[in-house]
Protein chains: 2
Amino acid sequence: MDQRIIENLFNEYQLRVTNCRTDIMLFFLEADFALSAKALENNFPQYDRVTIYRTLNSFIEKGILHPIPSDGGAALYGLSDSIRKGAEQMGQATMLSDVEEVIPQTHIHDEHIHFSCHACGKTLCLPEQTIPKVNLPPGYQIKEVEMVVKGYCKSCTPA
Amino acid sequence: MDQRIIENLFNEYQLRVTNCRTDIMLFFLEADFALSAKALENNFPQYDRVTIYRTLNSFIEKGILHPIPSDGGAALYGLSDSIRKGAEQMGQATMLSDVEEVIPQTHIHDEHIHFSCHACGKTLCLPEQTIPKVNLPPGYQIKEVEMVVKGYCKSCTPA
DNA sequence: TTAGCTTATGCAACTCTATTGCATTTTTAT
DNA sequence: ATAAAAATGCAATAGAGTTGCATAAGCTAA
């Protein structure tokens, strides 16, 4: 994952390029599961807890990360679908013109299913799994749907 | 709602009958939405915060209440479907024999949809709305599914 | 009904997650 | 290079929830 791709992303979203933001974004791109503030604190002892929280909040405001509902006390965060897809495409691109095509998609909520594994404890975004349509009785106006499936993930289910 | 019905319920679930438990159970039965520990603290200043938390936990252990995923920091709790249904049936019953028919249904998870209203802030259980079946790619083993729909509830949607 | 065992309650202290204010440092545009 | 704007670190604070322990209340059986 090229550093330049991340810088470009931050420029698009009007976020200043800092070590903390770059490191955390790289970590999210390399992780295939959702992360907690605690996990980031452990992985980046060089940054203050407060800075990590502020970094997470700035990413959420821009729509780069989305919060994932969790049972435990601690919040979880996952990369937005558009960001991950964009970064993967850019990873293959070699020309700068390709890189500049990314358009910020703020406020677009990813309506994918989240999976929480009882065995390894990880929570994953399943970008390919769209949430099934819901029909509520008349009078309800649906704006957003959250779905968390719990069980055993691919790695933890015996084949 | 008869006090005797609640006493009977507690006996079935092997919970001692105390003022705090009775008051809180009554409050849940009368509320048509999910409650937070904070809401109970506000409504029952005569009971200690710790007692309220322990009361909630004892109800959850017995399966009388279920925790509801929420964005905010604070947990929400809803009455289990079987309890509310049982209490309503008993409310109509006049003979003690009817009342004694309640069977504790511990560890049965209610797979209904939850609705969270952006306007009034209330979270409701929708016992009639079952969660649609989900198909995940091979390798995932599903044990439990949570679904929270957000938008405007019946009371807050203009007709 | 009471004696005695068990469980629930209240209080104090504590843990953990997250936020806020403020001084200092870093980023970025000129 | 410089100055404005924004990010960082530190200290303090807020809120949710839990634990230990002494006391009070509920339950069981005689």
# chains A, B, ... in the order shown; residues from 1 in each chain; ligands from 1
call {"tool": "closest_atom_pairs", "arguments": {"of": "chain A", "to": "chain D", "cutoff": "9 Å", "atoms": "only C-alpha atoms (C1' of nucleotides)", "output": "Markdown table"}}
result
| residue | atom | partner | partner_atom | distance |
| --- | --- | --- | --- | --- |
| A:Arg16 | CA | D:DA6 | C1' | 7.9 |
| A:Thr18 | CA | D:DA7 | C1' | 8.0 |
| A:Tyr47 | CA | D:DG9 | C1' | 8.6 |
| A:Asp48 | CA | D:DG9 | C1' | 6.5 |
| A:Val50 | CA | D:DG9 | C1' | 8.2 |
| A:Thr51 | CA | D:DT8 | C1' | 6.5 |
| A:Gly73 | CA | D:DA16 | C1' | 8.4 |
call {"tool": "write_last_selection", "arguments": {"atoms": "C-alpha atoms", "output": "compact mmCIF listing (two decimals), in the first residue's frame"}}
result
# COMPACT_ATOMS: atom_id res chain seq x y z
CA ARG A 16 -4.07 17.17 6.99
CA THR A 18 0.01 13.49 9.83
CA TYR A 47 0.51 8.29 20.05
CA ASP A 48 -1.57 9.65 22.88
CA VAL A 50 -6.65 11.27 23.03
CA THR A 51 -5.02 11.71 19.64
CA GLY A 73 -18.47 -1.39 26.26
call {"tool": "closest_atom_pairs", "arguments": {"of": "chain B", "to": "chain A", "cutoff": "6 Å", "atoms": "only C-alpha atoms", "output": "Markdown table"}}
result
| residue | atom | partner | partner_atom | distance |
| --- | --- | --- | --- | --- |
| B:Gly139 | CA | A:Lys154 | CA | 4.5 |
| B:Tyr140 | CA | A:Cys153 | CA | 4.9 |
| B:Gln141 | CA | A:Tyr152 | CA | 4.9 |
| B:Ile142 | CA | A:Gly151 | CA | 4.6 |
| B:Lys143 | CA | A:Gly151 | CA | 4.6 |
| B:Glu144 | CA | A:Lys150 | CA | 5.0 |
| B:Val145 | CA | A:Val149 | CA | 4.4 |
| B:Glu146 | CA | A:Val148 | CA | 5.1 |
| B:Met147 | CA | A:Met147 | CA | 4.5 |
| B:Val148 | CA | A:Glu146 | CA | 5.1 |
| B:Val149 | CA | A:Val145 | CA | 4.4 |
| B:Lys150 | CA | A:Glu144 | CA | 5.0 |
| B:Gly151 | CA | A:Lys143 | CA | 4.6 |
| B:Tyr152 | CA | A:Gln141 | CA | 4.9 |
| B:Cys153 | CA | A:Tyr140 | CA | 4.9 |
| B:Lys154 | CA | A:Gly139 | CA | 4.5 |
call {"tool": "write_last_selection", "arguments": {"atoms": "N, CA and C atoms", "output": "mmCIF file, in the first residue's frame"}}
result
data_model
loop_
_atom_site.group_PDB
_atom_site.id
_atom_site.type_symbol
_atom_site.label_atom_id
_atom_site.label_comp_id
_atom_site.auth_asym_id
_atom_site.auth_seq_id
_atom_site.Cartn_x
_atom_site.Cartn_y
_atom_site.Cartn_z
ATOM 1 N N GLY B 139 -18.777 -21.420 5.073
ATOM 2 C CA GLY B 139 -17.724 -21.301 6.071
ATOM 3 C C GLY B 139 -18.168 -20.537 7.308
ATOM 4 N N TYR B 140 -19.233 -19.769 7.178
ATOM 5 C CA TYR B 140 -19.738 -19.037 8.338
ATOM 6 C C TYR B 140 -20.833 -19.854 9.019
ATOM 7 N N GLN B 141 -20.773 -19.888 10.342
ATOM 8 C CA GLN B 141 -21.783 -20.604 11.108
ATOM 9 C C GLN B 141 -22.570 -19.583 11.921
ATOM 10 N N ILE B 142 -23.855 -19.443 11.615
ATOM 11 C CA ILE B 142 -24.670 -18.406 12.245
ATOM 12 C C ILE B 142 -25.315 -18.924 13.521
ATOM 13 N N LYS B 143 -25.159 -18.155 14.586
ATOM 14 C CA LYS B 143 -25.751 -18.550 15.861
ATOM 15 C C LYS B 143 -26.841 -17.583 16.305
ATOM 16 N N GLU B 144 -26.734 -16.355 15.858
ATOM 17 C CA GLU B 144 -27.573 -15.297 16.401
ATOM 18 C C GLU B 144 -27.558 -14.112 15.437
ATOM 19 N N VAL B 145 -28.662 -13.401 15.336
ATOM 20 C CA VAL B 145 -28.703 -12.242 14.451
ATOM 21 C C VAL B 145 -29.365 -11.065 15.160
ATOM 22 N N GLU B 146 -28.712 -9.917 15.089
ATOM 23 C CA GLU B 146 -29.269 -8.689 15.658
ATOM 24 C C GLU B 146 -29.624 -7.748 14.517
ATOM 25 N N MET B 147 -30.768 -7.101 14.624
ATOM 26 C CA MET B 147 -31.147 -6.147 13.589
ATOM 27 C C MET B 147 -31.787 -4.923 14.226
ATOM 28 N N VAL B 148 -31.230 -3.767 13.914
ATOM 29 C CA VAL B 148 -31.788 -2.514 14.414
ATOM 30 C C VAL B 148 -32.115 -1.617 13.236
ATOM 31 N N VAL B 149 -33.398 -1.297 13.112
ATOM 32 C CA VAL B 149 -33.844 -0.394 12.056
ATOM 33 C C VAL B 149 -33.969 1.000 12.658
ATOM 34 N N LYS B 150 -33.485 2.002 11.924
ATOM 35 C CA LYS B 150 -33.555 3.374 12.413
ATOM 36 C C LYS B 150 -34.380 4.225 11.477
ATOM 37 N N GLY B 151 -35.065 5.187 12.027
ATOM 38 C CA GLY B 151 -35.896 6.071 11.219
ATOM 39 C C GLY B 151 -36.885 6.795 12.102
ATOM 40 N N TYR B 152 -38.138 6.885 11.627
ATOM 41 C CA TYR B 152 -39.165 7.559 12.407
ATOM 42 C C TYR B 152 -40.267 6.572 12.760
ATOM 43 N N CYS B 153 -40.612 6.527 14.022
ATOM 44 C CA CYS B 153 -41.589 5.556 14.499
ATOM 45 C C CYS B 153 -43.012 6.012 14.182
ATOM 46 N N LYS B 154 -43.972 5.165 14.493
ATOM 47 C CA LYS B 154 -45.366 5.450 14.163
ATOM 48 C C LYS B 154 -45.807 6.797 14.723
#
call {"tool": "residues_around", "arguments": {"residues": "Glu7 in chain A", "least_positions_apart": "6", "cutoff": "10 Å", "atoms": "only C-alpha atoms (C1' of nucleotides)", "output": "PyMOL selection string"}}
result
chain A and resi 13+15-18+21-22
call {"tool": "interface_residues", "arguments": {"of": "chain C", "to": "chain B", "cutoff": "9 Å", "atoms": "only C-alpha atoms (C1' of nucleotides)", "output": "list in words"}}
result
DT7, DA8, DT9, DG10, DC11 and DT17 of chain C
call {"tool": "residues_around", "arguments": {"residues": "Ile60 in chain B", "least_positions_apart": "4", "cutoff": "10 Å", "atoms": "only C-alpha atoms (C1' of nucleotides)", "output": "short mmCIF file (atom, residue, chain, number, x, y, z; two decimals) with C-alpha atoms, in the first residue's frame"}}
result
data_model
loop_
_atom_site.label_atom_id
_atom_site.label_comp_id
_atom_site.auth_asym_id
_atom_site.auth_seq_id
_atom_site.Cartn_x
_atom_site.Cartn_y
_atom_site.Cartn_z
CA ARG B 54 -27.72 -5.74 39.68
CA THR B 55 -31.47 -5.96 39.17
CA LEU B 56 -31.03 -5.57 35.41
CA ILE B 64 -36.52 -11.90 31.42
CA LEU B 65 -34.75 -8.98 29.77
CA HIS B 66 -32.55 -8.87 26.69
CA PRO B 67 -29.88 -6.31 25.93
CA TYR B 77 -32.86 -3.39 27.81
CA GLY B 78 -36.12 -4.79 26.52
CA LEU B 79 -38.62 -7.26 27.95
CA SER B 80 -38.41 -10.71 26.41
CA THR B 106 -34.39 -19.07 29.87
CA HIS B 107 -31.75 -18.68 27.16
#
call {"tool": "atom_distance", "arguments": {"atom1": "CA of Asn19 in chain A", "atom2": "CA of Asn42 in chain A"}}
result
16.3 Å
call {"tool": "atom_distance", "arguments": {"atom1": "CA of Pro127 in chain A", "atom2": "CA of Glu111 in chain B"}}
result
23.1 Å
call {"tool": "select_by_dssp", "arguments": {"residues": "chain A", "states": "alpha helix (DSSP H)", "output": "PyMOL selection string"}}
result
chain A and resi 3-12+19-30+37-43+49-62+81-92+96-99
call {"tool": "decode", "arguments": {"residues": "chain D", "atoms": "C-alpha atoms (C1' of nucleotides)", "output": "compact mmCIF listing (two decimals), in the first residue's frame"}}
result
# COMPACT_ATOMS: atom_id res chain seq x y z
C1' DA D 1 10.44 31.68 5.34
C1' DT D 2 6.37 32.93 7.66
C1' DA D 3 1.94 33.12 9.51
C1' DA D 4 -2.58 31.11 10.02
C1' DA D 5 -4.98 26.94 10.88
C1' DA D 6 -5.17 22.62 12.61
C1' DA D 7 -3.22 18.49 15.18
C1' DT D 8 -0.96 16.77 19.26
C1' DG D 9 0.07 15.75 24.21
C1' DC D 10 -0.98 16.27 28.87
C1' DA D 11 -4.03 16.79 32.71
C1' DA D 12 -8.37 16.71 34.24
C1' DT D 13 -13.06 15.32 33.86
C1' DA D 14 -17.41 12.78 32.79
C1' DG D 15 -20.14 8.72 32.36
C1' DA D 16 -21.13 3.68 32.41
C1' DG D 17 -20.63 -0.22 34.84
C1' DT D 18 -18.47 -3.40 38.46
C1' DT D 19 -16.59 -5.17 42.98
C1' DG D 20 -16.01 -5.74 48.10
C1' DC D 21 -17.99 -5.56 52.22
C1' DA D 22 -21.17 -4.60 56.01
C1' DT D 23 -26.10 -4.41 56.83
C1' DA D 24 -30.91 -5.43 55.81
C1' DA D 25 -34.50 -8.07 54.00
C1' DG D 26 -36.65 -12.40 52.07
C1' DC D 27 -37.43 -17.17 52.54
C1' DT D 28 -37.62 -21.92 54.63
C1' DA D 29 -38.51 -25.04 57.98
C1' DA D 30 -39.37 -26.13 62.61
